[in-house]
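Dumped final30.txt below, it's compact mmCIF, C-alpha atoms:
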```txt
# COMPACT_ATOMS: atom_id res chain seq x y z
CA MET A 71 125.57 131.08 90.99
CA SER A 72 124.55 130.65 94.61
CA GLY A 73 121.55 131.27 96.83
CA ALA A 74 117.94 130.44 96.13
CA SER A 75 117.07 133.80 94.61
CA THR A 76 119.74 133.47 91.93
CA LYS A 77 118.53 130.02 90.88
CA LEU A 78 115.22 131.12 89.49
CA ALA A 79 116.40 131.63 85.91
CA PRO A 80 117.14 128.51 83.85
CA VAL A 81 120.60 128.13 82.34
CA PRO A 82 120.75 126.51 78.89
CA LEU A 83 122.72 123.26 78.89
CA ARG A 84 123.40 120.91 76.02
CA VAL A 85 122.45 117.25 75.95
CA LEU A 86 125.57 115.12 75.50
CA SER A 87 123.82 111.77 75.32
CA SER A 88 120.47 110.13 75.81
CA THR A 89 120.20 106.45 76.63
CA ARG A 90 117.04 104.41 76.78
CA GLU A 91 116.87 102.50 80.07
CA THR A 92 113.42 100.94 79.80
CA ALA A 93 110.34 101.37 77.62
CA ASP A 94 109.46 104.58 79.46
CA SER A 95 112.74 105.74 81.00
CA MET A 96 115.72 107.61 79.58
CA THR A 97 119.02 108.77 81.00
CA LEU A 98 120.20 112.18 79.85
CA VAL A 99 123.76 113.40 80.28
CA LEU A 100 123.97 117.20 80.22
CA GLU A 101 127.11 119.17 79.64
CA ARG A 102 128.06 121.15 82.72
CA PRO A 103 131.09 123.32 82.12
CA PRO A 104 133.27 123.34 85.27
CA GLY A 105 133.09 126.72 86.91
CA GLY A 106 129.92 127.47 84.97
CA PRO A 107 126.73 128.94 86.32
CA VAL A 108 125.21 125.71 87.70
CA GLY A 109 126.35 122.90 89.92
CA PRO A 110 128.00 120.73 90.91
CA GLY A 111 125.42 118.73 92.82
CA ALA A 112 125.47 116.26 95.68
CA PRO A 113 123.82 112.81 95.86
CA GLY A 114 120.11 113.24 96.55
CA GLN A 115 119.82 116.77 95.16
CA PHE A 116 117.69 117.60 92.14
CA ASN A 117 117.55 119.99 89.22
CA MET A 118 114.58 121.66 87.61
CA LEU A 119 114.70 120.63 83.95
CA TYR A 120 112.95 122.74 81.36
CA PRO A 121 112.27 121.49 77.85
CA PHE A 122 111.63 124.83 76.22
CA GLY A 123 108.02 125.78 75.82
CA ILE A 124 106.66 122.78 77.73
CA GLY A 125 107.31 123.29 81.44
CA GLU A 126 109.62 122.34 84.30
CA ALA A 127 110.02 119.12 86.27
CA ALA A 128 112.10 118.31 89.32
CA ILE A 129 114.47 115.45 88.46
CA SER A 130 117.02 113.97 90.85
CA LEU A 131 120.67 113.70 89.98
CA SER A 132 121.37 110.11 89.08
CA SER A 133 125.15 110.26 89.02
CA ASP A 134 127.76 112.46 90.62
CA THR A 135 130.02 113.12 87.68
CA ALA A 136 132.16 116.26 87.92
CA ASP A 137 131.61 117.82 84.52
CA SER A 138 128.06 116.82 83.67
CA PHE A 139 124.61 116.32 85.10
CA VAL A 140 123.06 112.88 84.72
CA HIS A 141 119.32 112.49 85.04
CA THR A 142 117.18 109.39 84.61
CA ILE A 143 113.67 110.38 83.67
CA ARG A 144 110.55 108.33 83.53
CA GLY A 145 107.93 109.56 81.13
CA VAL A 146 104.79 110.16 83.15
CA GLY A 147 103.49 113.43 81.72
CA ALA A 148 104.00 116.21 79.19
CA VAL A 149 107.28 117.54 80.63
CA SER A 150 108.94 114.21 81.33
CA ASP A 151 107.80 112.89 77.95
CA ALA A 152 109.37 115.93 76.29
CA LEU A 153 112.59 115.39 78.25
CA GLY A 154 112.61 111.81 77.01
CA ARG A 155 112.51 113.03 73.42
CA LEU A 156 115.66 115.14 73.76
CA ARG A 157 118.62 113.99 71.72
CA PRO A 158 122.36 114.75 71.78
CA GLY A 159 122.98 118.33 70.75
CA ASP A 160 119.58 119.55 71.95
CA THR A 161 119.45 122.26 74.59
CA LEU A 162 117.23 122.53 77.65
CA GLY A 163 116.95 124.89 80.58
CA VAL A 164 118.36 123.83 83.94
CA ARG A 165 118.00 125.33 87.40
CA GLY A 166 119.70 123.87 90.39
CA PRO A 167 120.95 121.84 92.03
CA PHE A 168 118.44 122.18 94.82
CA GLY A 169 117.72 120.62 98.16
CA ILE A 170 119.35 118.62 100.89
CA GLY A 171 120.61 115.26 99.73
CA TRP A 172 121.66 111.97 101.25
CA PRO A 173 123.75 112.07 104.47
CA MET A 174 127.09 111.04 103.00
CA GLU A 175 129.08 112.45 105.91
CA ARG A 176 126.96 110.73 108.51
CA ALA A 177 127.32 107.49 106.58
CA ARG A 178 131.11 107.52 106.67
CA GLY A 179 132.50 104.58 108.60
CA ARG A 180 129.08 102.99 108.96
CA THR A 181 127.14 100.24 107.22
CA LEU A 182 124.86 101.50 104.46
CA VAL A 183 121.60 99.82 103.59
CA LEU A 184 120.13 101.25 100.39
CA VAL A 185 116.63 100.19 99.40
CA ALA A 186 115.32 101.33 96.03
CA GLY A 187 112.06 100.68 94.27
CA GLY A 188 111.38 101.36 90.59
CA ILE A 189 112.72 104.70 89.38
CA GLY A 190 113.84 105.24 92.99
CA LEU A 191 117.16 103.64 92.13
CA ALA A 192 118.11 106.76 90.16
CA PRO A 193 118.44 109.13 93.15
CA LEU A 194 120.38 106.48 95.10
CA ARG A 195 122.80 105.71 92.29
CA PRO A 196 125.06 108.71 93.10
CA VAL A 197 125.38 107.35 96.63
CA ILE A 198 126.64 104.05 95.25
CA HIS A 199 129.06 105.87 92.95
CA ALA A 200 130.35 107.97 95.85
CA VAL A 201 130.87 104.94 98.07
CA LEU A 202 132.62 102.98 95.32
CA ARG A 203 134.95 105.92 94.67
CA ASP A 204 135.98 106.07 98.32
CA ARG A 205 135.24 102.50 99.35
CA SER A 206 137.42 102.33 102.45
CA ALA A 207 135.63 105.32 103.99
CA TYR A 208 132.42 103.32 104.44
CA GLY A 209 131.44 100.06 106.05
CA LYS A 210 129.43 97.30 104.45
CA LEU A 211 127.18 98.34 101.58
CA PHE A 212 123.89 96.54 101.05
CA VAL A 213 121.84 97.49 98.00
CA PHE A 214 118.31 96.13 97.63
CA TYR A 215 116.56 96.98 94.40
CA GLY A 216 113.01 96.10 93.46
CA ALA A 217 111.74 96.59 89.92
CA ARG A 218 108.36 95.90 88.41
CA SER A 219 109.69 93.32 85.95
CA PRO A 220 113.03 92.25 84.48
CA ARG A 221 112.50 94.58 81.51
CA GLU A 222 111.89 97.52 83.82
CA ARG A 223 115.19 97.33 85.66
CA LEU A 224 117.34 100.44 85.34
CA TYR A 225 121.09 100.40 84.64
CA VAL A 226 121.15 96.70 83.78
CA GLY A 227 124.79 96.65 82.69
CA GLU A 228 125.86 98.53 85.79
CA LEU A 229 123.87 96.20 88.03
CA GLU A 230 125.78 93.29 86.54
CA ARG A 231 129.10 95.03 87.15
CA TRP A 232 128.13 95.85 90.71
CA GLN A 233 127.06 92.25 91.25
CA ALA A 234 130.35 90.93 89.93
CA GLY A 235 132.52 93.57 91.57
CA GLY A 236 132.27 92.35 95.14
CA ALA A 237 132.26 95.83 96.65
CA MET A 238 128.66 95.54 97.78
CA ASP A 239 125.99 93.02 98.63
CA LEU A 240 123.48 93.66 95.84
CA SER A 241 120.08 91.97 95.71
CA VAL A 242 117.66 92.56 92.86
CA THR A 243 114.09 91.38 92.81
CA VAL A 244 111.12 91.93 90.52
CA ASP A 245 107.44 91.98 91.35
CA PHE A 246 106.55 90.04 88.22
CA GLY A 247 109.00 87.66 86.63
CA ASP A 248 108.95 86.25 83.14
CA ALA A 249 109.98 83.01 81.50
CA ASN A 250 113.61 84.14 81.13
CA TRP A 251 114.05 85.55 84.62
CA ALA A 252 115.99 83.31 86.98
CA GLY A 253 116.46 85.93 89.69
CA ARG A 254 114.40 86.78 92.73
CA VAL A 255 110.66 87.47 92.57
CA GLY A 256 108.79 89.31 95.30
CA PHE A 257 108.55 92.74 96.83
CA VAL A 258 111.83 94.35 97.81
CA THR A 259 111.05 94.27 101.53
CA ALA A 260 111.12 90.46 101.40
CA LEU A 261 114.87 90.65 100.79
CA LEU A 262 115.76 92.73 103.80
CA GLY A 263 115.39 90.13 106.51
CA HIS A 264 118.66 88.31 106.07
CA ALA A 265 121.04 91.27 105.79
CA GLN A 266 123.37 91.06 108.75
CA PHE A 267 124.30 94.43 110.22
CA ASP A 268 124.72 96.18 113.52
CA PRO A 269 121.67 98.47 113.68
CA ALA A 270 123.49 100.96 115.89
CA GLU A 271 126.13 101.42 113.19
CA THR A 272 123.83 101.46 110.19
CA VAL A 273 122.40 104.20 108.01
CA VAL A 274 119.42 103.31 105.83
CA MET A 275 118.57 105.28 102.70
CA THR A 276 115.44 104.44 100.77
CA CYS A 277 113.77 105.87 97.69
CA GLY A 278 110.68 104.66 95.91
CA PRO A 279 106.92 104.85 96.29
CA GLU A 280 105.98 106.24 99.70
CA VAL A 281 104.10 103.08 100.61
CA MET A 282 107.28 101.14 100.00
CA MET A 283 109.44 103.55 101.97
CA ARG A 284 107.10 103.34 104.95
CA ALA A 285 107.33 99.55 104.87
CA VAL A 286 111.12 99.69 104.59
CA ALA A 287 111.37 102.18 107.45
CA ASN A 288 109.12 100.10 109.68
CA GLN A 289 111.11 96.97 108.97
CA MET A 290 114.47 98.64 109.55
CA ILE A 291 113.29 100.33 112.75
CA GLY A 292 111.97 96.94 113.81
CA ARG A 293 115.50 95.62 113.31
CA GLY A 294 116.77 98.26 115.73
CA VAL A 295 117.93 101.05 113.41
CA ALA A 296 117.21 104.45 114.97
CA PRO A 297 114.45 106.37 113.13
CA GLY A 298 116.92 109.23 112.82
CA ASP A 299 119.22 106.96 110.83
CA VAL A 300 116.54 106.01 108.31
CA TYR A 301 116.46 108.48 105.42
CA VAL A 302 113.67 108.77 102.86
CA SER A 303 113.50 110.88 99.72
CA LEU A 304 110.11 112.53 99.25
CA GLU A 305 108.53 113.91 96.16
CA ARG A 306 105.83 116.53 95.85
CA ASN A 307 104.82 118.89 93.11
CA MET A 308 107.63 121.44 92.95
CA LYS A 309 107.46 124.76 91.20
CA CYS A 310 110.05 127.31 92.31
CA ALA A 311 112.25 124.69 94.03
CA ALA A 312 113.57 127.40 96.32
CA GLY A 313 111.04 127.44 99.13
CA LEU A 314 109.22 130.52 97.88
CA CYS A 315 106.02 129.37 96.20
CA GLY A 316 104.72 126.76 98.64
CA HIS A 317 103.71 124.20 96.01
CA CYS A 318 105.69 121.46 97.73
CA GLN A 319 104.81 122.47 101.28
CA PHE A 320 104.31 119.40 103.42
CA GLY A 321 103.03 120.39 106.84
CA SER A 322 105.55 122.88 108.11
CA ILE A 323 108.32 121.81 105.77
CA PHE A 324 109.16 122.49 102.16
CA ILE A 325 110.22 119.39 100.28
CA CYS A 326 112.36 121.42 97.88
CA LYS A 327 114.56 123.25 100.36
CA ASP A 328 114.25 121.23 103.60
CA GLY A 329 114.53 117.96 101.64
CA PRO A 330 113.92 116.08 99.47
CA VAL A 331 115.84 113.76 101.81
CA PHE A 332 114.57 113.61 105.38
CA THR A 333 115.13 111.46 108.41
CA TYR A 334 112.12 109.26 108.97
CA ASP A 335 111.51 110.59 112.48
CA ARG A 336 111.05 114.05 111.00
CA VAL A 337 108.35 113.12 108.49
CA GLU A 338 106.71 109.95 109.80
CA HIS A 339 103.84 111.83 111.46
CA LEU A 340 103.22 113.80 108.27
CA LEU A 341 103.14 110.68 106.11
CA ARG A 342 100.21 109.47 108.19
CA VAL A 343 98.14 112.61 107.48
CA ARG A 344 96.05 111.90 104.42
CA GLU A 345 95.06 115.48 103.72
CA ILE A 346 98.62 116.75 103.27
CA MET B 998 130.87 65.54 113.17
CA LYS B 999 128.07 67.90 114.05
CA SER B 1000 124.80 66.49 115.29
CA MET B 1001 121.50 67.44 113.67
CA ALA B 1002 120.75 69.62 116.71
CA ASP B 1003 124.03 71.48 116.18
CA LEU B 1004 123.25 71.97 112.51
CA ILE B 1005 119.71 73.25 112.89
CA ARG B 1006 120.79 75.56 115.71
CA GLU B 1007 122.87 77.47 113.15
CA HIS B 1008 119.85 78.30 111.02
CA PRO B 1009 118.68 81.88 111.66
CA PHE B 1010 115.09 80.73 112.06
CA LEU B 1011 116.01 78.80 115.19
CA ALA B 1012 118.43 81.39 116.57
CA GLY B 1013 117.98 81.65 120.30
CA LEU B 1014 116.01 78.45 120.69
CA SER B 1015 117.17 76.59 123.79
CA ASP B 1016 119.48 73.60 123.49
CA GLU B 1017 116.74 71.44 124.92
CA TYR B 1018 114.27 72.45 122.24
CA CYS B 1019 116.87 72.21 119.48
CA GLU B 1020 117.48 68.60 120.54
CA LEU B 1021 113.74 68.01 120.61
CA VAL B 1022 112.95 69.35 117.13
CA ALA B 1023 116.12 67.83 115.66
CA GLY B 1024 114.42 64.48 116.21
CA CYS B 1025 111.94 65.45 113.48
CA ALA B 1026 114.57 66.74 111.04
CA LYS B 1027 116.65 65.36 108.23
CA ASN B 1028 118.93 66.79 105.56
CA VAL B 1029 117.47 66.95 102.06
CA VAL B 1030 118.75 68.01 98.65
CA PHE B 1031 116.69 69.00 95.60
CA GLU B 1032 118.14 69.21 92.13
CA PRO B 1033 117.33 72.19 89.87
CA GLY B 1034 113.89 71.93 88.34
CA SER B 1035 112.57 69.42 90.84
CA TYR B 1036 109.46 70.15 92.87
CA ILE B 1037 109.83 70.32 96.63
CA ILE B 1038 106.12 70.64 97.27
CA ARG B 1039 103.05 70.52 95.03
CA GLU B 1040 99.83 72.46 95.45
CA GLY B 1041 97.03 70.40 97.00
CA GLN B 1042 99.32 67.67 98.26
CA PRO B 1043 99.55 66.90 102.00
CA ALA B 1044 101.80 69.35 103.81
CA GLY B 1045 103.90 66.66 105.36
CA GLN B 1046 107.09 68.63 105.91
CA PHE B 1047 108.37 72.03 106.78
CA HIS B 1048 111.69 73.14 105.31
CA LEU B 1049 114.43 75.45 106.50
CA LEU B 1050 116.42 76.43 103.44
CA ARG B 1051 120.19 76.35 103.73
CA GLU B 1052 121.29 76.94 100.16
CA GLY B 1053 119.82 77.56 96.71
CA GLN B 1054 116.84 79.42 95.31
CA VAL B 1055 113.26 78.15 95.40
CA SER B 1056 110.33 79.59 93.47
CA LEU B 1057 106.80 79.49 94.81
CA GLU B 1058 104.44 79.02 91.91
CA VAL B 1059 100.80 78.54 91.02
CA TYR B 1060 99.63 76.98 87.81
CA ALA B 1061 96.95 78.80 85.84
CA PRO B 1062 95.34 77.38 82.71
CA ARG B 1063 96.64 79.08 79.53
CA ARG B 1064 99.23 81.01 81.55
CA GLY B 1065 101.27 78.14 82.88
CA SER B 1066 103.26 78.36 86.10
CA ILE B 1067 103.33 81.84 87.59
CA VAL B 1068 106.08 82.69 90.04
CA LEU B 1069 104.62 84.36 93.12
CA GLN B 1070 107.80 84.71 95.09
CA THR B 1071 111.26 83.28 95.38
CA LEU B 1072 112.98 82.15 98.54
CA GLY B 1073 116.62 81.57 99.30
CA ALA B 1074 119.13 80.53 101.92
CA ASN B 1075 117.96 81.11 105.50
CA ASP B 1076 114.30 81.36 104.48
CA ILE B 1077 111.56 79.06 105.68
CA LEU B 1078 109.49 77.12 103.19
CA GLY B 1079 105.89 76.32 103.98
CA ALA B 1080 103.44 77.12 106.74
CA SER B 1081 100.54 74.93 105.62
CA TRP B 1082 101.75 72.15 107.90
CA ILE B 1083 100.51 74.21 110.87
CA VAL B 1084 96.96 74.82 109.64
CA PRO B 1085 94.30 72.22 108.81
CA PRO B 1086 93.66 70.66 106.36
CA TYR B 1087 97.50 70.54 106.03
CA ARG B 1088 97.62 70.90 102.24
CA TRP B 1089 100.10 72.98 100.27
CA THR B 1090 98.62 76.09 98.66
CA SER B 1091 101.30 76.51 95.98
CA ASP B 1092 104.07 74.63 94.24
CA ALA B 1093 107.68 75.09 95.28
CA ARG B 1094 110.32 74.33 92.69
CA ALA B 1095 114.09 74.26 93.10
CA VAL B 1096 115.58 76.87 90.77
CA GLU B 1097 119.09 75.91 91.82
CA ARG B 1098 120.43 72.97 93.76
CA VAL B 1099 118.71 73.33 97.11
CA ARG B 1100 119.92 72.06 100.46
CA ALA B 1101 117.49 72.19 103.34
CA PHE B 1102 116.42 70.74 106.63
CA ALA B 1103 113.10 68.92 106.28
CA PHE B 1104 111.03 68.54 109.43
CA ASP B 1105 108.32 65.89 109.57
CA ALA B 1106 105.10 67.84 110.14
CA THR B 1107 103.28 65.21 112.19
CA CYS B 1108 106.31 64.79 114.43
CA LEU B 1109 106.74 68.54 114.90
CA ARG B 1110 103.05 69.20 115.54
CA GLY B 1111 103.05 66.39 118.08
CA LYS B 1112 105.97 67.88 119.99
CA CYS B 1113 104.32 71.30 119.93
CA GLU B 1114 101.08 69.81 121.28
CA ASP B 1115 102.98 68.00 124.02
CA ASP B 1116 104.90 71.10 125.02
CA PRO B 1117 103.00 74.33 124.28
CA ALA B 1118 106.05 76.37 125.30
CA LEU B 1119 107.90 74.84 122.34
CA GLY B 1120 104.91 75.55 120.11
CA TYR B 1121 104.86 79.15 121.30
CA ALA B 1122 108.60 79.52 120.74
CA LEU B 1123 108.18 78.29 117.17
CA MET B 1124 105.09 80.41 116.53
CA LYS B 1125 106.97 83.50 117.68
CA ARG B 1126 109.41 82.73 114.90
CA PHE B 1127 106.79 81.94 112.29
CA VAL B 1128 104.40 84.83 112.80
CA PRO B 1129 106.80 87.73 112.04
CA ILE B 1130 107.90 85.99 108.86
CA ILE B 1131 104.34 85.30 107.77
CA LEU B 1132 103.41 88.90 108.57
CA GLN B 1133 106.34 90.21 106.55
CA ARG B 1134 105.39 88.02 103.63
CA VAL B 1135 101.75 89.11 103.76
CA THR B 1136 102.85 92.76 103.82
CA ALA B 1137 105.23 92.20 100.94
CA ALA B 1138 102.56 90.34 98.95
CA ARG B 1139 100.17 93.25 99.45
CA MET B 1140 102.77 95.67 98.14
CA GLN B 1141 103.50 93.39 95.23
CA SER B 1142 99.82 93.21 94.33
CA LEU B 1143 99.58 97.01 94.35
CA ASP B 1144 101.97 97.17 91.39
CA LEU B 1145 103.53 100.23 93.02
CA TYR B 1146 106.26 100.80 90.47
CA GLY B 1147 103.67 101.05 87.74
CA ALA B 1148 102.79 104.44 89.21
CA SER B 1149 104.99 107.48 89.55
CA VAL B 1150 107.07 107.58 92.75
```

This entry written out as structure tokens:
Amino acid sequence: MSGASTKLAPVPLRVLSSTRETADSMTLVLERPPGGPVGPGAPGQFNMLYPFGIGEAAISLSSDTADSFVHTIRGVGAVSDALGRLRPGDTLGVRGPFGIGWPMERARGRTLVLVAGGIGLAPLRPVIHAVLRDRSAYGKLFVFYGARSPRERLYVGELERWQAGGAMDLSVTVDFGDANWAGRVGFVTALLGHAQFDPAETVVMTCGPEVMMRAVANQMIGRGVAPGDVYVSLERNMKCAAGLCGHCQFGSIFICKDGPVFTYDRVEHLLRVREI
Amino acid sequence: MKSMADLIREHPFLAGLSDEYCELVAGCAKNVVFEPGSYIIREGQPAGQFHLLREGQVSLEVYAPRRGSIVLQTLGANDILGASWIVPPYRWTSDARAVERVRAFAFDATCLRGKCEDDPALGYALMKRFVPIILQRVTAARMQSLDLYGASV
């Protein structure tokens, strides 16, 4: 299936597994038959997931596996709550993948600085997977991840493997620690200062609350990274996901088809307009 | 063997400071080590030193009745510890505890303030290093207080 107009009908896909990440987040693995009607996707793209009879939600790909879709979903409403209740063997409707993802080609040979906040780690995780699979094609990899608390970290086992693996410089911090937490405490931007990189050879990708992404972008631009090399992933209410309905229109752009990943210089002026 | 001026020059906080000024501030500095669990500074006590961290994690904490010590922020290698030595009444506003074995340069606050008063250009050079860090920390603390990840991204 190709082209926006042919992606308007959901395709039924089966849930292969569901894994609880945190108290309100689940990771679903969906069967995606190779050569089938949907996919594959690229890091940063999203699918529209449809628990039958409830509604659709735009959910980023959170891995780049060849024969499945992986989505990490935080329950924040009726649709995402329903997605979180799906179990292996259940079926849901899927449309996608949609949108323009992270700039993997532009990042080749350069240093990558990934900054994730909260559930924002999920859309960046495929980038990490892609880099690890082709490690020599990229320069240094810095990953900064801020979570609300130790219990609200995603992919805890994977974080530990990444930390031990030596293929990246991973820093994890939480806003609120607890008695058992011996790691860093503080907002994720507090970690960025000591990363050593050549700003002219660096690509920054950030995903999280917009307030956080603005702070990250300002800090990275202050370090000398070109605004065109700072990428943010935006989220707005999406409906058709194909640039037809206008629900996700943001100024002159459509988040669903022009993004969700944008260079900061393209959207900075829009992020300052409160009425949009 | 490296002199104290050579050692402190390698700390990112003092990157770019002239040799002359490195020699000058090195006269106020000494090497210090803190074992895990020990307190480096205590809230309300005189802010008699300023630390440049070289190694190990430090937690900034406040004590609240019935809640115990609450970690506000952690610091690590290459961070600075403490700004209360610059501002009267020169008292610490939080505790700082070594989470791991911490190695640091400790600068005597009275000595350093005196040299800054004697040579405002040195004071300005140091303030240009302090202010961006303080600003970053204030910004980060604001974000932290907003509990941003509690809301949908």

| message | Report, in Å to a single decimal, how far apart atom CA of Arg1134 of chain B and atom CA of Gly1111 of chain B are. | response | 26.1 Å

| request: Select all residues from chain A having any atom no more than 10 Å from an atom of chain B (counting all atoms listed in the file, ignoring ligands), output as a PyMOL selection string. | output: chain A and resi 144-147+187-190+216-219+222+243-249+252-261+263-264+277-282+285+289+304-306

Excluding segment 161-164 of chain A and any residue of its chain fewer than 5 positions from it, enumerate the residues within 10 Å of it, using only C-alpha atoms, and give them as a PDB file with C-alpha atoms, in the frame of the given file.
```pdb
ATOM      1  CA  LYS A  77     118.530 130.020  90.880  1.00  0.00           C
ATOM      2  CA  LEU A  78     115.220 131.120  89.490  1.00  0.00           C
ATOM      3  CA  ALA A  79     116.400 131.630  85.910  1.00  0.00           C
ATOM      4  CA  PRO A  80     117.140 128.510  83.850  1.00  0.00           C
ATOM      5  CA  VAL A  81     120.600 128.130  82.340  1.00  0.00           C
ATOM      6  CA  PRO A  82     120.750 126.510  78.890  1.00  0.00           C
ATOM      7  CA  LEU A  83     122.720 123.260  78.890  1.00  0.00           C
ATOM      8  CA  ARG A  84     123.400 120.910  76.020  1.00  0.00           C
ATOM      9  CA  VAL A  85     122.450 117.250  75.950  1.00  0.00           C
ATOM     10  CA  LEU A  86     125.570 115.120  75.500  1.00  0.00           C
ATOM     11  CA  LEU A 100     123.970 117.200  80.220  1.00  0.00           C
ATOM     12  CA  GLU A 101     127.110 119.170  79.640  1.00  0.00           C
ATOM     13  CA  VAL A 108     125.210 125.710  87.700  1.00  0.00           C
ATOM     14  CA  ASN A 117     117.550 119.990  89.220  1.00  0.00           C
ATOM     15  CA  MET A 118     114.580 121.660  87.610  1.00  0.00           C
ATOM     16  CA  LEU A 119     114.700 120.630  83.950  1.00  0.00           C
ATOM     17  CA  TYR A 120     112.950 122.740  81.360  1.00  0.00           C
ATOM     18  CA  PRO A 121     112.270 121.490  77.850  1.00  0.00           C
ATOM     19  CA  PHE A 122     111.630 124.830  76.220  1.00  0.00           C
ATOM     20  CA  GLY A 123     108.020 125.780  75.820  1.00  0.00           C
ATOM     21  CA  GLY A 125     107.310 123.290  81.440  1.00  0.00           C
ATOM     22  CA  GLU A 126     109.620 122.340  84.300  1.00  0.00           C
ATOM     23  CA  ALA A 127     110.020 119.120  86.270  1.00  0.00           C
ATOM     24  CA  ALA A 128     112.100 118.310  89.320  1.00  0.00           C
ATOM     25  CA  PHE A 139     124.610 116.320  85.100  1.00  0.00           C
ATOM     26  CA  LEU A 153     112.590 115.390  78.250  1.00  0.00           C
ATOM     27  CA  LEU A 156     115.660 115.140  73.760  1.00  0.00           C
TER      28      LEU A 156
END
```

| For the atom pair atom CA of Val1059 of chain B and atom CA of Asp1092 of chain B, what is the interatomic distance in Å to one decimal place? |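 About the pair atom CA of Val1059 of chain B and atom CA of Asp1092 of chain B: they are 6.0 Å apart.
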
| message | Would you pick out the contacts of Arg155 of chain A at 9 Å or less, using only C-alpha atoms, so that residues sharing its chain but fewer than 4 positions from it are not included, and give the list as a PyMOL selection string? | response | chain A and resi 88+96+150-151
